[in-house]
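Chemist: Sharing a structure here in structure tokens format.
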Amino acid sequence: MSENLPNRTILVAEDDPISRRILEKNLKSWGYETLLANDGRGAWEAIQRPDVRLALLDWMMPEADGPEICRRIREAKKGKYTYILLLTARDQPQDIITGLQAGADDYMIKPVNFLELKTRLQTGQRIIDLEDKLLQTQAQMTELATKDGLTKLWNRTFIMKFLDEELIRAGRTGSPLSLIMLDLDFFKKINDERGHRTGDEVLMRIAEILTKGVRPYDKIGRYGGDELMLVLPNCDRGDAGLIAERLRRECAAEQIRVYGKVINVTISAGCASSDHLVRPTGDRIIQACDKALYRAKAAGRNRVSAFPIRKTMARRRTT
Amino acid sequence: MTAERGIPMNKAEALDRVGGDKTFLQELLNMYATQYAEKTSAMENAIHAADFQAIRDLGHSLKGSSANLSLPRLQYAAFDMETAGLEKDLEGALKALDRLEQEYRRLKDYLGTP
């Protein structure tokens with residue numbers, strides 16, 4: 001009987017112990033995991049669990065009644081949809097309307113006909129499955145629209161948008177924002193001599209090192225080719241320089257293994273900060289960063305340079 | 001319907017609701033006995049205190065338990081209690097309590113005979 005029912009957790013909120021026990025027994029025999037509550041408060045607590053997607057709520061319960069819980073669930077807009085079936089001894093049409101208006105998906109009059117309940121829960125599950133598929137597709141679409149397919153870093157469109165938004169926030173809060181632009185030294189040579197697949201692997205490995213090396217609220221994007229961009233909110237020019245230098249060292253120290261061969265890659269980086277620019281905009285900070293990056297390249301690569309360019313900021317190679 | 005009202009328990013219907021599991025039905029009847037004792041005692045207190053909301057809620061709750069076990073006569077007596085609470089009718093509540101006790105005795109007799 002339960003072969004087409006995947007394991008699902010269902011909340012049973014019912015103050016009458018006999019009714020609760022009968023529901024529990026039947027639901028378990030159909031393959032559900034049951035979570036029991038005997039009042040509105042218990043129901044509300046249980047519903048916070050993300051795995052609770054199906055709920056059987058009694059109309060009349062102490063603390064908070066079924067329609068009240070329905071309203072709260074719908075107002076709270078939990079990430080995923082909860083399918084709610086209200087149970088009641090009442091059979092006036094006005095109650096059905098009240099229950100459905102409060103956000104219930106379905107409604108049954110007690111004592112429950114269990115064959116009917118089983119079928120109605122299958123309908124609920126169908127809706128949850130559809131929602132899951134929709135959310136999954138949505139997540140895939142968002143990923144496709146915002147991430148770079150190769151490196152899984154943010155794509156250019158997204159990182160530029162993030163930079164603009166964070167600059168506005170930085171302007172409002174008065175905290176500095178820093179940008180690091182970097183690229184791989186002699187990347188063209190790697191591609192030309194070892195093939196693009198090796199180049200891709202190297203780029204992916206560098207992306208991993210960078211991702212591990214920044215704070216959770218920093219964002220890294222692929223600006224184009226082997227040029228990567230790190231947006232560091234609430235980070236001043238000095239700290240940005242230190243972070244860039246640490247990342248440079250980590251990349252240089254990494255022995256990247258591709259198809260059985262070891263490749264050493266270095267990066268050059270340019271930094272710029274909003275607190276060193278007049279009326280900073282996305283374009284201006286990128287321009288400033290570009291200048292610093294150019295300086296790092298011109299000074300011999302495998303180094304970090306910061307805007308405005310000072311001789312002391314162009315660090316000598318340390319490895 | 002009249003035939004159902006005549007007997008204290010519609011055993012076939014109750015068994016059907018629990019998938020024919022007689023042991024489980026007995027477990028539920030034991031739960032009912034506890035529920036019944038607690039609820040009727042609380043009803044007495046509520047009647048003394050003229051707490052009509054409690055009278056109504058207790059009646060409603062016992063009505064539900066009775067319906068679940070297909071005990072139509074107890075269900076109707078509990079419904080009388082709920083109505084008395086709703087209509088703020090103390091006399092009606094006392095009558096309903098008498099009726100509940102009478103119906104409960106009848107159920108025990110009925111279940112006691114094979």
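Chains: A, B, ... in order of the structure tokens. Residues: from 1 per chain. Ligands: from 1, in order shown.
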Should the cut-off be 7 Å, what would the residue list for chain B against chain A look like, counting only C-alpha atoms, as a list in words?

Modeler: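 Residues satisfying the distance criterion: Arg17, Val18, Leu28, Met31, Ser61, Gly64, Ser65, Ala67 and Asn68 of chain B.
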
Chemist: According to DSSP computed on the backbone, where in range 192-300 of chain A is there helix (DSSP H, G or I)? Give the residues as a VMD selection string.

Modeler: chain A and resid 192 to 194 196 to 212 237 to 253 274 to 276 282 to 298

Chemist: Those selected residues, please, written with C-alpha atoms and delivered as a short mmCIF file (atom, residue, chain, number, x, y, z; two decimals), in the first residue's frame.

Modeler:
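Written file, out28.cif:
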data_model
loop_
_atom_site.label_atom_id
_atom_site.label_comp_id
_atom_site.auth_asym_id
_atom_site.auth_seq_id
_atom_site.Cartn_x
_atom_site.Cartn_y
_atom_site.Cartn_z
CA ASP A 192 49.32 27.58 -26.02
CA GLU A 193 51.85 25.04 -24.78
CA ARG A 194 49.67 22.64 -22.81
CA HIS A 196 43.08 24.84 -23.24
CA ARG A 197 41.89 21.96 -21.09
CA THR A 198 44.98 22.32 -18.92
CA GLY A 199 44.43 26.08 -18.85
CA ASP A 200 40.87 25.51 -17.69
CA GLU A 201 42.01 23.17 -14.91
CA VAL A 202 44.57 25.69 -13.72
CA LEU A 203 42.01 28.47 -13.68
CA MET A 204 39.57 26.28 -11.73
CA ARG A 205 42.22 25.44 -9.14
CA ILE A 206 43.14 29.11 -8.69
CA ALA A 207 39.43 29.92 -8.26
CA GLU A 208 39.29 27.33 -5.46
CA ILE A 209 42.30 28.78 -3.68
CA LEU A 210 40.84 32.27 -3.84
CA THR A 211 37.41 31.12 -2.67
CA LYS A 212 38.92 29.45 0.40
CA ARG A 237 43.19 49.62 1.32
CA GLY A 238 45.74 48.27 3.80
CA ASP A 239 43.80 45.08 4.49
CA ALA A 240 43.04 44.58 0.80
CA GLY A 241 46.79 44.74 0.10
CA LEU A 242 47.47 42.14 2.80
CA ILE A 243 44.74 39.83 1.52
CA ALA A 244 45.98 40.14 -2.06
CA GLU A 245 49.53 39.45 -0.97
CA ARG A 246 48.46 36.37 1.00
CA LEU A 247 46.46 35.05 -1.96
CA ARG A 248 49.42 35.70 -4.27
CA ARG A 249 51.68 33.67 -1.96
CA GLU A 250 49.16 30.82 -1.68
CA CYS A 251 48.78 30.60 -5.47
CA ALA A 252 52.53 30.68 -6.00
CA ALA A 253 53.08 27.94 -3.42
CA SER A 274 36.64 53.38 -2.13
CA ASP A 275 38.27 55.45 0.63
CA HIS A 276 41.07 56.45 -1.73
CA GLY A 282 32.00 50.91 -10.07
CA ASP A 283 33.75 52.17 -13.19
CA ARG A 284 36.21 54.37 -11.29
CA ILE A 285 37.24 51.70 -8.83
CA ILE A 286 37.71 49.19 -11.68
CA GLN A 287 39.82 51.73 -13.59
CA ALA A 288 41.95 52.35 -10.51
CA CYS A 289 42.34 48.61 -9.97
CA ASP A 290 43.30 48.12 -13.60
CA LYS A 291 46.05 50.72 -13.25
CA ALA A 292 47.42 48.97 -10.18
CA LEU A 293 47.28 45.60 -11.92
CA TYR A 294 49.09 47.04 -14.93
CA ARG A 295 51.75 48.36 -12.58
CA ALA A 296 52.16 44.93 -10.96
CA LYS A 297 52.56 43.34 -14.39
CA ALA A 298 55.00 46.00 -15.59
#

Chemist: Write out as number ranges by chain each polymer residue whose atoms come within 9 Å of range 134-148 of chain A, counting only C-alpha atoms; drop sequence neighbours fewer than 6 positions from it.

Modeler: A: 80, 154-159, 221-222

Chemist: Include N, CA and C atoms and write out the residues we just selected as a compact mmCIF listing (two decimals), in the first residue's frame.

Modeler:
# COMPACT_ATOMS: atom_id res chain seq x y z
N LYS A 80 10.00 26.67 1.83
CA LYS A 80 9.29 25.72 0.99
C LYS A 80 7.82 25.63 1.43
N TRP A 154 31.20 33.89 -9.49
CA TRP A 154 30.12 34.72 -10.02
C TRP A 154 30.50 35.19 -11.42
N ASN A 155 29.50 35.37 -12.27
CA ASN A 155 29.83 35.84 -13.61
C ASN A 155 29.99 37.37 -13.62
N ARG A 156 30.38 37.88 -14.75
CA ARG A 156 30.70 39.30 -14.85
C ARG A 156 29.49 40.18 -14.50
N THR A 157 28.33 39.82 -15.05
CA THR A 157 27.12 40.62 -14.79
C THR A 157 26.83 40.69 -13.30
N PHE A 158 26.90 39.52 -12.66
CA PHE A 158 26.56 39.49 -11.24
C PHE A 158 27.56 40.26 -10.39
N ILE A 159 28.86 40.04 -10.66
CA ILE A 159 29.87 40.65 -9.79
C ILE A 159 29.86 42.18 -9.94
N GLY A 221 34.38 37.12 -8.73
CA GLY A 221 33.76 36.93 -10.03
C GLY A 221 34.80 36.78 -11.12
N ARG A 222 34.36 36.18 -12.22
CA ARG A 222 35.24 36.08 -13.39
C ARG A 222 34.90 37.27 -14.28

Chemist: Ser41 in chain B: which residues within 12 Å, counting only C-alpha atoms, same-chain residues fewer than 3 positions away excluded, as an mmCIF file with C-alpha atoms, in the first residue's frame?

Modeler:
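Written file, part-v4.cif:
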data_model
loop_
_atom_site.group_PDB
_atom_site.id
_atom_site.type_symbol
_atom_site.label_atom_id
_atom_site.label_comp_id
_atom_site.auth_asym_id
_atom_site.auth_seq_id
_atom_site.Cartn_x
_atom_site.Cartn_y
_atom_site.Cartn_z
ATOM 1 C CA THR B 34 -9.322 7.629 30.963
ATOM 2 C CA GLN B 35 -10.505 10.541 28.825
ATOM 3 C CA TYR B 36 -14.059 10.044 29.909
ATOM 4 C CA ALA B 37 -13.179 10.066 33.625
ATOM 5 C CA GLU B 38 -11.004 13.184 33.279
ATOM 6 C CA GLU B 44 -18.536 18.868 37.012
ATOM 7 C CA ASN B 45 -16.041 21.505 38.127
ATOM 8 C CA ALA B 46 -16.897 23.720 35.178
ATOM 9 C CA ILE B 47 -20.616 23.449 35.953
ATOM 10 C CA HIS B 48 -19.980 24.420 39.589
ATOM 11 C CA ALA B 54 -14.976 25.196 29.575
ATOM 12 C CA ILE B 55 -18.322 23.373 29.454
ATOM 13 C CA LEU B 58 -15.067 19.797 27.179
ATOM 14 C CA GLY B 59 -18.317 18.811 25.485
ATOM 15 C CA LEU B 97 -23.838 15.190 32.458
ATOM 16 C CA LEU B 100 -23.372 11.043 29.688
ATOM 17 C CA GLU B 101 -23.140 8.949 32.824
#

Chemist: Which of range 4-174 of chain A end up as strand (DSSP E or B) when DSSP is run on this backbone - answer as a VMD selection string?

Modeler: chain A and resid 8 to 13 32 to 37 52 to 58 83 to 88 106 to 109 147 154

Chemist: Could those selected residues go to a file with N, CA and C atoms, as an mmCIF file, in the first residue's frame?

Modeler:
data_model
loop_
_atom_site.group_PDB
_atom_site.id
_atom_site.type_symbol
_atom_site.label_atom_id
_atom_site.label_comp_id
_atom_site.auth_asym_id
_atom_site.auth_seq_id
_atom_site.Cartn_x
_atom_site.Cartn_y
_atom_site.Cartn_z
ATOM 1 N N ARG A 8 7.951 10.691 4.202
ATOM 2 C CA ARG A 8 7.667 12.101 4.400
ATOM 3 C C ARG A 8 7.279 12.311 5.849
ATOM 4 N N THR A 9 7.681 13.417 6.388
ATOM 5 C CA THR A 9 7.291 13.726 7.754
ATOM 6 C C THR A 9 6.006 14.531 7.717
ATOM 7 N N ILE A 10 5.057 14.105 8.516
ATOM 8 C CA ILE A 10 3.787 14.805 8.545
ATOM 9 C C ILE A 10 3.494 15.235 9.977
ATOM 10 N N LEU A 11 3.072 16.466 10.123
ATOM 11 C CA LEU A 11 2.716 16.970 11.446
ATOM 12 C C LEU A 11 1.247 16.666 11.713
ATOM 13 N N VAL A 12 0.985 16.072 12.871
ATOM 14 C CA VAL A 12 -0.396 15.857 13.289
ATOM 15 C C VAL A 12 -0.629 16.704 14.530
ATOM 16 N N ALA A 13 -1.403 17.747 14.390
ATOM 17 C CA ALA A 13 -1.698 18.612 15.533
ATOM 18 C C ALA A 13 -3.158 18.415 15.899
ATOM 19 N N TYR A 32 4.332 7.183 6.391
ATOM 20 C CA TYR A 32 4.722 8.534 6.842
ATOM 21 C C TYR A 32 5.449 8.469 8.174
ATOM 22 N N GLU A 33 6.343 9.426 8.381
ATOM 23 C CA GLU A 33 6.913 9.679 9.700
ATOM 24 C C GLU A 33 5.970 10.683 10.349
ATOM 25 N N THR A 34 5.544 10.405 11.573
ATOM 26 C CA THR A 34 4.608 11.361 12.182
ATOM 27 C C THR A 34 5.300 12.185 13.261
ATOM 28 N N LEU A 35 4.895 13.428 13.322
ATOM 29 C CA LEU A 35 5.362 14.349 14.341
ATOM 30 C C LEU A 35 4.088 14.828 15.029
ATOM 31 N N LEU A 36 3.996 14.609 16.351
ATOM 32 C CA LEU A 36 2.720 14.865 17.017
ATOM 33 C C LEU A 36 2.763 16.128 17.869
ATOM 34 N N ALA A 37 1.669 16.860 17.857
ATOM 35 C CA ALA A 37 1.531 18.031 18.723
ATOM 36 C C ALA A 37 0.120 18.015 19.289
ATOM 37 N N VAL A 52 9.149 19.270 7.570
ATOM 38 C CA VAL A 52 7.693 19.156 7.714
ATOM 39 C C VAL A 52 7.028 19.915 6.567
ATOM 40 N N ARG A 53 6.526 19.154 5.620
ATOM 41 C CA ARG A 53 5.905 19.779 4.444
ATOM 42 C C ARG A 53 4.419 19.485 4.377
ATOM 43 N N LEU A 54 3.977 18.534 5.215
ATOM 44 C CA LEU A 54 2.556 18.181 5.252
ATOM 45 C C LEU A 54 2.075 18.368 6.682
ATOM 46 N N ALA A 55 0.912 18.977 6.834
ATOM 47 C CA ALA A 55 0.394 19.178 8.194
ATOM 48 C C ALA A 55 -1.092 18.885 8.254
ATOM 49 N N LEU A 56 -1.459 18.106 9.265
ATOM 50 C CA LEU A 56 -2.873 17.870 9.555
ATOM 51 C C LEU A 56 -3.177 18.668 10.816
ATOM 52 N N LEU A 57 -3.999 19.680 10.694
ATOM 53 C CA LEU A 57 -4.263 20.538 11.848
ATOM 54 C C LEU A 57 -5.722 20.422 12.270
ATOM 55 N N ASP A 58 -5.915 20.202 13.551
ATOM 56 C CA ASP A 58 -7.261 20.182 14.089
ATOM 57 C C ASP A 58 -7.769 21.631 14.151
ATOM 58 N N TYR A 83 1.914 21.925 2.896
ATOM 59 C CA TYR A 83 0.550 21.604 2.498
ATOM 60 C C TYR A 83 -0.270 21.354 3.767
ATOM 61 N N ILE A 84 -1.339 22.100 3.931
ATOM 62 C CA ILE A 84 -2.109 22.024 5.178
ATOM 63 C C ILE A 84 -3.513 21.478 4.936
ATOM 64 N N LEU A 85 -3.842 20.470 5.738
ATOM 65 C CA LEU A 85 -5.188 19.918 5.696
ATOM 66 C C LEU A 85 -5.823 20.147 7.071
ATOM 67 N N LEU A 86 -6.918 20.870 7.086
ATOM 68 C CA LEU A 86 -7.603 21.162 8.359
ATOM 69 C C LEU A 86 -8.618 20.068 8.663
ATOM 70 N N LEU A 87 -8.658 19.687 9.940
ATOM 71 C CA LEU A 87 -9.636 18.689 10.377
ATOM 72 C C LEU A 87 -10.604 19.352 11.344
ATOM 73 N N THR A 88 -11.862 19.062 11.192
ATOM 74 C CA THR A 88 -12.793 19.638 12.146
ATOM 75 C C THR A 88 -14.063 18.831 12.274
ATOM 76 N N ASP A 106 -6.751 22.145 2.126
ATOM 77 C CA ASP A 106 -7.848 21.195 2.050
ATOM 78 C C ASP A 106 -8.508 21.106 3.418
ATOM 79 N N TYR A 107 -9.577 20.347 3.474
ATOM 80 C CA TYR A 107 -10.423 20.392 4.625
ATOM 81 C C TYR A 107 -11.151 19.070 4.746
ATOM 82 N N MET A 108 -11.153 18.481 5.949
ATOM 83 C CA MET A 108 -11.913 17.243 6.140
ATOM 84 C C MET A 108 -12.696 17.289 7.442
ATOM 85 N N ILE A 109 -13.853 16.656 7.393
ATOM 86 C CA ILE A 109 -14.701 16.636 8.579
ATOM 87 C C ILE A 109 -14.476 15.344 9.345
ATOM 88 N N LYS A 147 26.278 32.516 -12.331
ATOM 89 C CA LYS A 147 27.590 31.893 -12.116
ATOM 90 C C LYS A 147 28.336 31.677 -13.431
ATOM 91 N N TRP A 154 31.205 33.888 -9.492
ATOM 92 C CA TRP A 154 30.120 34.716 -10.024
ATOM 93 C C TRP A 154 30.499 35.188 -11.425
#

Chemist: Just checking: using only C-alpha atoms, which residue out of B:Ala77, B:Leu29, B:Leu107, B:Leu86 ends up closest to Asp57 in chain B?

Modeler: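 Using only C-alpha atoms, the shortest distance to Asp57 in chain B belongs to B:Leu86.
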
Chemist: So, with only C-alpha atoms as the atoms that count, which of B:Gly6, B:Ala50, B:Arg56, B:Glu91 lies closest to Phe79 in chain B?

Modeler: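 Among B:Gly6, B:Ala50, B:Arg56, B:Glu91, it is B:Arg56 that comes nearest to Phe79 in chain B.
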
Chemist: Just to confirm, what's the straight-line distance from CA of Thr82 in chain A to CA of Gly99 in chain A in Å (one decimal)?

Modeler: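 Interatomic distance here is 15.1 Å.
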